[in-house]
Structures are given as structure tokens and as C-alpha cells.
Amino acid sequence: MTPASGPSASTGVPGDGVARGGGIVALGRWWREAVAEPILSVLFPPRCVGCGDFESHLCPRCRASLVPIDGDCCPRCGEPGPRPLVAGRCSQCMGVDLAFSGARSAFAHTGSARRVVVEFKSGGQPVLAPLMAELARPAFRELVSSLDAGDRLVVTWVPSHRAAQRQRGYNQAELFARALASGPPIVHRSELVRKTVRTRHQKELGRGGRQANLRGAFAVDDKAVASLPFRPAAVVLVDDVYTTGATAQEVAAVLSRGAGVPVYVFTFSRAVSARSEGHD
Ligand SMILES: [Zn+2]
Ligand SMILES: [Zn+2]
């Protein structure tokens, strides 16, 4: 297993808020990228999270086994297609009160995709964020171009509670979102929602329990919304995995109410069976 390289595994491109710390941050990044990471990669060469082979975080064989979710999924709830749609909805989301205007995931949450998410989130491997962004980019690009929001698009992410983030050392959704939005296409990124209550792990709960567990746990960061350099036409809410959709639903509800903009959900993977294996 590759040693954790900390939350700074984010891309840290100018304008994403990471570089704001100035010289010290830049020096820290230089040290990490030019000195620490090359040394660590010799001492601890990356291993494939799918099969354990050395040399890369995901070997060509495991990469080829990923199951992409194509653009013919339901544009509203994100269920993989092809699916007959009536008024833009499939049988899965027809009549369901969804807080988000659309959802899209890059891969089915199975096999290698599931291993990547588990190692990224629970295996202390924030270093996987750029790889996940690279793999998910075609689906992300399709979502962005379908929104037709031009330059007035903002990427945000499902926040984690401060205490949980301290424990893990990073918020995996944030790292993935920042890597994804660093382009192409480059999209403005900002943390627009805070998690104000530390909740139980979603995977311990059933569908109803998941929703109740999250109720009231998130709040819009009004200051962050007010300090956006433009009024967004849409916000893309990024998370690592979509399981029952309870998290996406709760955060999107808070966000669309608080920021007054349509919210679209994007995740690396999506559970395609009724069984949930992820956090939510
Ligand atoms: Zn492999
Ligand atoms: Zn649907």
C-alpha cells in the first residue's frame, strides 16, 4: 500500500482556494512534488488497488474491467440506461421528489471501481484523486456540456464534519472534486456547504435510516456563496459514490434552497443493484 500523502494530494491549481496560502504553500507543494513524492515512489512503488500488481495505482487489466455508465442513463436520477423516459424521467424517478436537477456517475460501483473508492476513502490513499479524476473525466465533461452553463458553473462537494476530516486527514469528495474541476474543463470550485453535525456511518443504516441520519446535518455556507465571483447558473455537487442517493438528496436540498441554483450530482461510481456497499 502506498503511504498516505495527505490532503495536499489535491491539484492545488491557482484559483481553487488551495494556493491562497502564498509562498509557504507553494514551497510545501514544491517540496512534496519535487522531493518527497519521488523518494516515496521509489521506496514504496504504487500497487494496483484492484489486483496488487506493482507499478501503477490501477493496472491496465483492472482499468479495462471498469464498467462505464454511458450517457444514455436517466438524466434526472442517473440510473444506467438505456431507459425509456417520460418528460425527462425514467420509471425509477417518476413521481419521486428529487432535490437535484440531474445526476451522473462515471462507473458502476463494482469490481475495480469499488476497490478504488474503498482505498481512496478508507485505505488512506488520497493519492488516488488525480487517477479517479482522469478516469471520470469523459463522463464529467458530458455532464458539463449538457448543462450549457458556460463560465457560470461551480463545482462543490459533499462536505465531511470537521472532526471526521481531522481523523481521516482529508475529505475524499473534496479531493476528487478539486482534481476533476482542475480540467479540462476548468470549473470554478468552492466549498458551499458545511457539515455541522457528526453523523453515524451511512453503511450501518437502511434506506430510511440514512435519510433520517442526515437530516439537518448540512448547512449552506452563506459567506462562500456570497463571495463567488459570479452568480452561478448551476452547481455540480461531487461525491465519491452514489448508493441510495440519501446524501446527494440532503446536500442538494440544502444547496438549492440556500444558493437558489439548480444542483447536479456527479460521482465516481454508482451502486447499480439494490444492495449498497458504499457510504451513500
Ligand atoms: Zn490490477
Ligand atoms: Zn430516472
# chains A, B, ... in the order shown; residues from 1 in each chain; ligands from 1
>>> closest_atom_pairs(of="chain A", to="ligand 1", cutoff="7 Å", atoms="only C-alpha atoms and all ligand atoms", output="CSV")
residue,atom,partner,partner_atom_place_in_ligand_line,distance
A:Cys48,CA,ligand 1,1 (Zn),4.7
A:Val49,CA,ligand 1,1 (Zn),6.5
A:Gly50,CA,ligand 1,1 (Zn),4.5
A:Cys51,CA,ligand 1,1 (Zn),4.0
A:Gly52,CA,ligand 1,1 (Zn),6.0
A:Asp53,CA,ligand 1,1 (Zn),5.7
A:Leu58,CA,ligand 1,1 (Zn),5.4
A:Cys59,CA,ligand 1,1 (Zn),4.2
A:Pro60,CA,ligand 1,1 (Zn),6.7
A:Arg61,CA,ligand 1,1 (Zn),5.7
A:Cys62,CA,ligand 1,1 (Zn),4.3
>>> write_last_selection(atoms="C-alpha atoms", output="CSV table (one decimal), in the first residue's frame")
chain,number,residue,atom,x,y,z
A,48,CYS,CA,-2.8,-1.7,-8.3
A,49,VAL,CA,-5.7,-1.3,-5.9
A,50,GLY,CA,-7.6,-4.0,-8.0
A,51,CYS,CA,-5.1,-6.8,-8.1
A,52,GLY,CA,-2.0,-5.7,-6.1
A,53,ASP,CA,0.4,-5.6,-9.1
A,58,LEU,CA,-4.7,0.8,-11.4
A,59,CYS,CA,-3.1,-1.6,-13.8
A,60,PRO,CA,-4.3,-1.8,-17.5
A,61,ARG,CA,-6.2,-5.0,-16.8
A,62,CYS,CA,-8.2,-3.6,-13.9
>>> select_by_dssp(residues="segment 38-201 of chain A", states="helix (DSSP H, G or I)", output="PyMOL selection string")
chain A and resi 38-43+60-64+111-121+126-147+162-168+172-181
>>> write_last_selection(atoms="C-alpha atoms", output="PDB file, in the first residue's frame")
ATOM      1  CA  PRO A  38       9.734  10.916  -5.980  1.00  0.00           C
ATOM      2  CA  ILE A  39      11.602   9.464  -2.975  1.00  0.00           C
ATOM      3  CA  LEU A  40       8.474   7.789  -1.624  1.00  0.00           C
ATOM      4  CA  SER A  41       7.590   6.352  -5.024  1.00  0.00           C
ATOM      5  CA  VAL A  42      10.978   4.606  -5.151  1.00  0.00           C
ATOM      6  CA  LEU A  43      10.708   3.329  -1.590  1.00  0.00           C
ATOM      7  CA  PRO A  60      -4.313  -1.760 -17.479  1.00  0.00           C
ATOM      8  CA  ARG A  61      -6.219  -5.006 -16.838  1.00  0.00           C
ATOM      9  CA  CYS A  62      -8.155  -3.627 -13.860  1.00  0.00           C
ATOM     10  CA  ARG A  63      -8.696  -0.351 -15.707  1.00  0.00           C
ATOM     11  CA  ALA A  64     -10.237  -2.277 -18.616  1.00  0.00           C
ATOM     12  CA  GLY A 111     -15.089  -4.640  -9.012  1.00  0.00           C
ATOM     13  CA  SER A 112     -12.168  -2.270  -9.589  1.00  0.00           C
ATOM     14  CA  ALA A 113     -14.277   0.898  -9.236  1.00  0.00           C
ATOM     15  CA  ARG A 114     -15.401  -0.229  -5.812  1.00  0.00           C
ATOM     16  CA  ARG A 115     -11.817  -1.078  -4.810  1.00  0.00           C
ATOM     17  CA  VAL A 116     -10.654   2.368  -5.913  1.00  0.00           C
ATOM     18  CA  VAL A 117     -13.352   4.103  -3.846  1.00  0.00           C
ATOM     19  CA  VAL A 118     -12.719   1.949  -0.773  1.00  0.00           C
ATOM     20  CA  GLU A 119      -8.942   2.521  -0.893  1.00  0.00           C
ATOM     21  CA  PHE A 120      -9.445   6.215  -1.588  1.00  0.00           C
ATOM     22  CA  LYS A 121     -11.827   6.702   1.290  1.00  0.00           C
ATOM     23  CA  PRO A 126      -5.749  10.368  -1.146  1.00  0.00           C
ATOM     24  CA  VAL A 127      -3.126   9.981  -3.855  1.00  0.00           C
ATOM     25  CA  LEU A 128      -5.827   8.244  -5.963  1.00  0.00           C
ATOM     26  CA  ALA A 129      -7.729  11.516  -6.572  1.00  0.00           C
ATOM     27  CA  PRO A 130      -5.974  12.507  -9.841  1.00  0.00           C
ATOM     28  CA  LEU A 131      -6.374   8.981 -11.240  1.00  0.00           C
ATOM     29  CA  MET A 132     -10.079   8.955 -10.379  1.00  0.00           C
ATOM     30  CA  ALA A 133     -10.492  12.388 -11.974  1.00  0.00           C
ATOM     31  CA  GLU A 134      -8.729  11.218 -15.126  1.00  0.00           C
ATOM     32  CA  LEU A 135     -10.933   8.121 -15.366  1.00  0.00           C
ATOM     33  CA  ALA A 136     -14.157  10.015 -14.661  1.00  0.00           C
ATOM     34  CA  ARG A 137     -13.361  12.973 -16.900  1.00  0.00           C
ATOM     35  CA  PRO A 138     -15.250  11.855 -20.044  1.00  0.00           C
ATOM     36  CA  ALA A 139     -18.489  11.441 -18.054  1.00  0.00           C
ATOM     37  CA  PHE A 140     -17.891  14.702 -16.195  1.00  0.00           C
ATOM     38  CA  ARG A 141     -17.272  16.516 -19.460  1.00  0.00           C
ATOM     39  CA  GLU A 142     -20.516  15.153 -20.891  1.00  0.00           C
ATOM     40  CA  LEU A 143     -22.437  16.369 -17.855  1.00  0.00           C
ATOM     41  CA  VAL A 144     -20.841  19.832 -18.005  1.00  0.00           C
ATOM     42  CA  SER A 145     -21.572  20.290 -21.694  1.00  0.00           C
ATOM     43  CA  SER A 146     -25.183  19.154 -21.228  1.00  0.00           C
ATOM     44  CA  LEU A 147     -25.705  21.902 -18.626  1.00  0.00           C
ATOM     45  CA  ARG A 162     -14.504  18.760  10.849  1.00  0.00           C
ATOM     46  CA  ALA A 163     -13.836  16.019  13.395  1.00  0.00           C
ATOM     47  CA  ALA A 164     -14.204  13.238  10.811  1.00  0.00           C
ATOM     48  CA  GLN A 165     -11.926  15.099   8.422  1.00  0.00           C
ATOM     49  CA  ARG A 166      -9.300  15.546  11.130  1.00  0.00           C
ATOM     50  CA  GLN A 167      -9.412  11.833  11.783  1.00  0.00           C
ATOM     51  CA  ARG A 168      -9.074  10.785   8.139  1.00  0.00           C
ATOM     52  CA  GLN A 172     -12.200  12.358  -0.246  1.00  0.00           C
ATOM     53  CA  ALA A 173     -15.100  14.084  -2.017  1.00  0.00           C
ATOM     54  CA  GLU A 174     -13.230  17.388  -1.927  1.00  0.00           C
ATOM     55  CA  LEU A 175     -10.009  15.908  -3.317  1.00  0.00           C
ATOM     56  CA  PHE A 176     -11.884  14.176  -6.125  1.00  0.00           C
ATOM     57  CA  ALA A 177     -13.897  17.333  -6.900  1.00  0.00           C
ATOM     58  CA  ARG A 178     -10.835  19.564  -6.975  1.00  0.00           C
ATOM     59  CA  ALA A 179      -8.933  17.174  -9.227  1.00  0.00           C
ATOM     60  CA  LEU A 180     -11.933  16.889 -11.535  1.00  0.00           C
ATOM     61  CA  ALA A 181     -12.554  20.632 -11.744  1.00  0.00           C
TER      62      ALA A 181
END
>>> closest_atom_pairs(of="chain A", to="ligand 2", cutoff="8 Å", atoms="only C-alpha atoms and all ligand atoms", output="CSV")
residue,atom,partner,partner_atom_place_in_ligand_line,distance
A:Cys73,CA,ligand 2,1 (Zn),7.9
A:Cys74,CA,ligand 2,1 (Zn),4.6
A:Pro75,CA,ligand 2,1 (Zn),6.6
A:Arg76,CA,ligand 2,1 (Zn),5.1
A:Cys77,CA,ligand 2,1 (Zn),4.1
A:Gly78,CA,ligand 2,1 (Zn),6.0
A:Glu79,CA,ligand 2,1 (Zn),5.7
A:Leu85,CA,ligand 2,1 (Zn),7.8
A:Gly88,CA,ligand 2,1 (Zn),7.8
A:Arg89,CA,ligand 2,1 (Zn),4.8
A:Cys90,CA,ligand 2,1 (Zn),3.9
A:Ser91,CA,ligand 2,1 (Zn),6.2
A:Gln92,CA,ligand 2,1 (Zn),4.9
A:Cys93,CA,ligand 2,1 (Zn),4.2
A:Met94,CA,ligand 2,1 (Zn),6.6
>>> write_last_selection(atoms="C-alpha atoms", output="short mmCIF file (atom, residue, chain, number, x, y, z; two decimals), in the first residue's frame")
data_model
loop_
_atom_site.label_atom_id
_atom_site.label_comp_id
_atom_site.auth_asym_id
_atom_site.auth_seq_id
_atom_site.Cartn_x
_atom_site.Cartn_y
_atom_site.Cartn_z
CA CYS A 73 -28.52 6.86 -18.32
CA CYS A 74 -31.55 8.70 -16.92
CA PRO A 75 -30.58 12.38 -16.97
CA ARG A 76 -32.60 13.07 -13.85
CA CYS A 77 -31.72 10.29 -11.38
CA GLY A 78 -28.65 8.85 -13.12
CA GLU A 79 -29.85 5.23 -13.32
CA LEU A 85 -38.06 8.48 -20.48
CA GLY A 88 -37.20 13.57 -18.75
CA ARG A 89 -37.77 10.92 -16.10
CA CYS A 90 -37.41 7.15 -16.02
CA SER A 91 -39.55 4.62 -14.17
CA GLN A 92 -37.11 4.79 -11.24
CA CYS A 93 -37.52 8.51 -10.53
CA MET A 94 -41.01 9.12 -11.90
#
>>> select_by_dssp(residues="segment 26-105 of chain A", states="strand (DSSP E)", output="list in words")
Gly102, Ala103, Arg104 and Ser105 of chain A
>>> write_last_selection(atoms="C-alpha atoms", output="JSON list (two decimals), in the first residue's frame")
[["chain", "number", "residue", "atom", "x", "y", "z"],
["A", 102, "GLY", "CA", -29.78, 15.72, -12.59],
["A", 103, "ALA", "CA", -27.29, 13.02, -11.63],
["A", 104, "ARG", "CA", -24.44, 11.33, -13.43],
["A", 105, "SER", "CA", -21.81, 8.80, -12.38]]
>>> residues_around(residues="Glu250 of chain A", least_positions_apart="5", cutoff="8 Å", atoms="only C-alpha atoms", output="tab-separated table (two decimals) with C-alpha atoms, in the first residue's frame")
chain	number	residue	atom	x	y	z
A	99	ALA	CA	-33.81	17.84	-4.75
A	211	GLN	CA	-32.17	9.86	5.29
A	214	LEU	CA	-28.53	13.14	7.63
A	215	ARG	CA	-31.49	15.40	8.24
A	218	PHE	CA	-25.69	20.17	6.48
>>> closest_residue(among="A:Arg270, A:Phe230, A:Arg47, A:Trp31", to="Ala149 of chain A", atoms="only C-alpha atoms")
A:Phe230
>>> closest_residue(among="A:Leu153, A:Ser65, A:Ile186, A:Pro84", to="Phe107 of chain A", atoms="only C-alpha atoms")
A:Ser65
>>> atom_distance(atom1="atom CA of Val272 of chain A", atom2="atom CA of Pro159 of chain A")
23.7 Å
>>> closest_residue(among="A:Thr247, A:Gly209, A:Lys203, A:Gly28", to="Ser160 of chain A", atoms="only C-alpha atoms")
A:Thr247
>>> residues_around(residues="Val238 of chain A", least_positions_apart="3", cutoff="7 Å", atoms="only C-alpha atoms", output="PDB file with N, CA and C atoms, in the first residue's frame")
ATOM      1  N   THR A 156     -18.796  21.964  -6.377  1.00  0.00           N
ATOM      2  CA  THR A 156     -18.618  21.857  -4.943  1.00  0.00           C
ATOM      3  C   THR A 156     -18.655  20.380  -4.572  1.00  0.00           C
ATOM      4  N   TRP A 157     -18.611  20.041  -3.301  1.00  0.00           N
ATOM      5  CA  TRP A 157     -18.508  18.627  -2.915  1.00  0.00           C
ATOM      6  C   TRP A 157     -19.278  18.378  -1.635  1.00  0.00           C
ATOM      7  N   VAL A 158     -19.545  17.110  -1.392  1.00  0.00           N
ATOM      8  CA  VAL A 158     -20.203  16.731  -0.141  1.00  0.00           C
ATOM      9  C   VAL A 158     -19.181  16.944   0.972  1.00  0.00           C
ATOM     10  N   ALA A 173     -14.246  13.451  -1.002  1.00  0.00           N
ATOM     11  CA  ALA A 173     -15.100  14.084  -2.017  1.00  0.00           C
ATOM     12  C   ALA A 173     -14.479  15.392  -2.496  1.00  0.00           C
ATOM     13  N   ALA A 177     -13.265  16.181  -6.235  1.00  0.00           N
ATOM     14  CA  ALA A 177     -13.897  17.333  -6.900  1.00  0.00           C
ATOM     15  C   ALA A 177     -12.843  18.315  -7.402  1.00  0.00           C
ATOM     16  N   VAL A 265     -25.684  16.296  -9.563  1.00  0.00           N
ATOM     17  CA  VAL A 265     -24.818  15.432  -8.761  1.00  0.00           C
ATOM     18  C   VAL A 265     -23.882  14.662  -9.681  1.00  0.00           C
ATOM     19  N   PHE A 266     -22.620  14.621  -9.323  1.00  0.00           N
ATOM     20  CA  PHE A 266     -21.674  13.799 -10.089  1.00  0.00           C
ATOM     21  C   PHE A 266     -20.865  12.946  -9.126  1.00  0.00           C
ATOM     22  N   THR A 267     -20.803  11.641  -9.394  1.00  0.00           N
ATOM     23  CA  THR A 267     -19.994  10.760  -8.545  1.00  0.00           C
ATOM     24  C   THR A 267     -19.097   9.877  -9.404  1.00  0.00           C
TER      25      THR A 267
END
>>> closest_residue(among="A:Pro184, A:Pro262, A:Gly123, A:Pro68", to="Gly169 of chain A", atoms="only C-alpha atoms")
A:Gly123
>>> closest_residue(among="A:Val251, A:Ala36, A:Ala246, A:Ala224", to="Gly208 of chain A", atoms="only C-alpha atoms")
A:Ala246
>>> residues_around(residues="Ser190 of chain A", least_positions_apart="2", cutoff="7 Å", atoms="only C-alpha atoms", output="compact mmCIF listing (two decimals) with N, CA and C atoms, in the first residue's frame")
# COMPACT_ATOMS: atom_id res chain seq x y z
N VAL A 155 -18.24 23.96 -9.15
CA VAL A 155 -18.13 22.61 -8.60
C VAL A 155 -17.97 22.72 -7.09
N THR A 156 -18.80 21.96 -6.38
CA THR A 156 -18.62 21.86 -4.94
C THR A 156 -18.65 20.38 -4.57
N HIS A 188 -14.84 26.55 -11.84
CA HIS A 188 -14.63 27.22 -10.55
C HIS A 188 -15.05 26.28 -9.42
N LEU A 192 -19.29 25.11 -0.68
CA LEU A 192 -20.51 25.90 -0.45
C LEU A 192 -21.36 25.35 0.69
>>> atom_distance(atom1="atom CA of Val236 of chain A", atom2="atom CA of Val154 of chain A")
6.2 Å
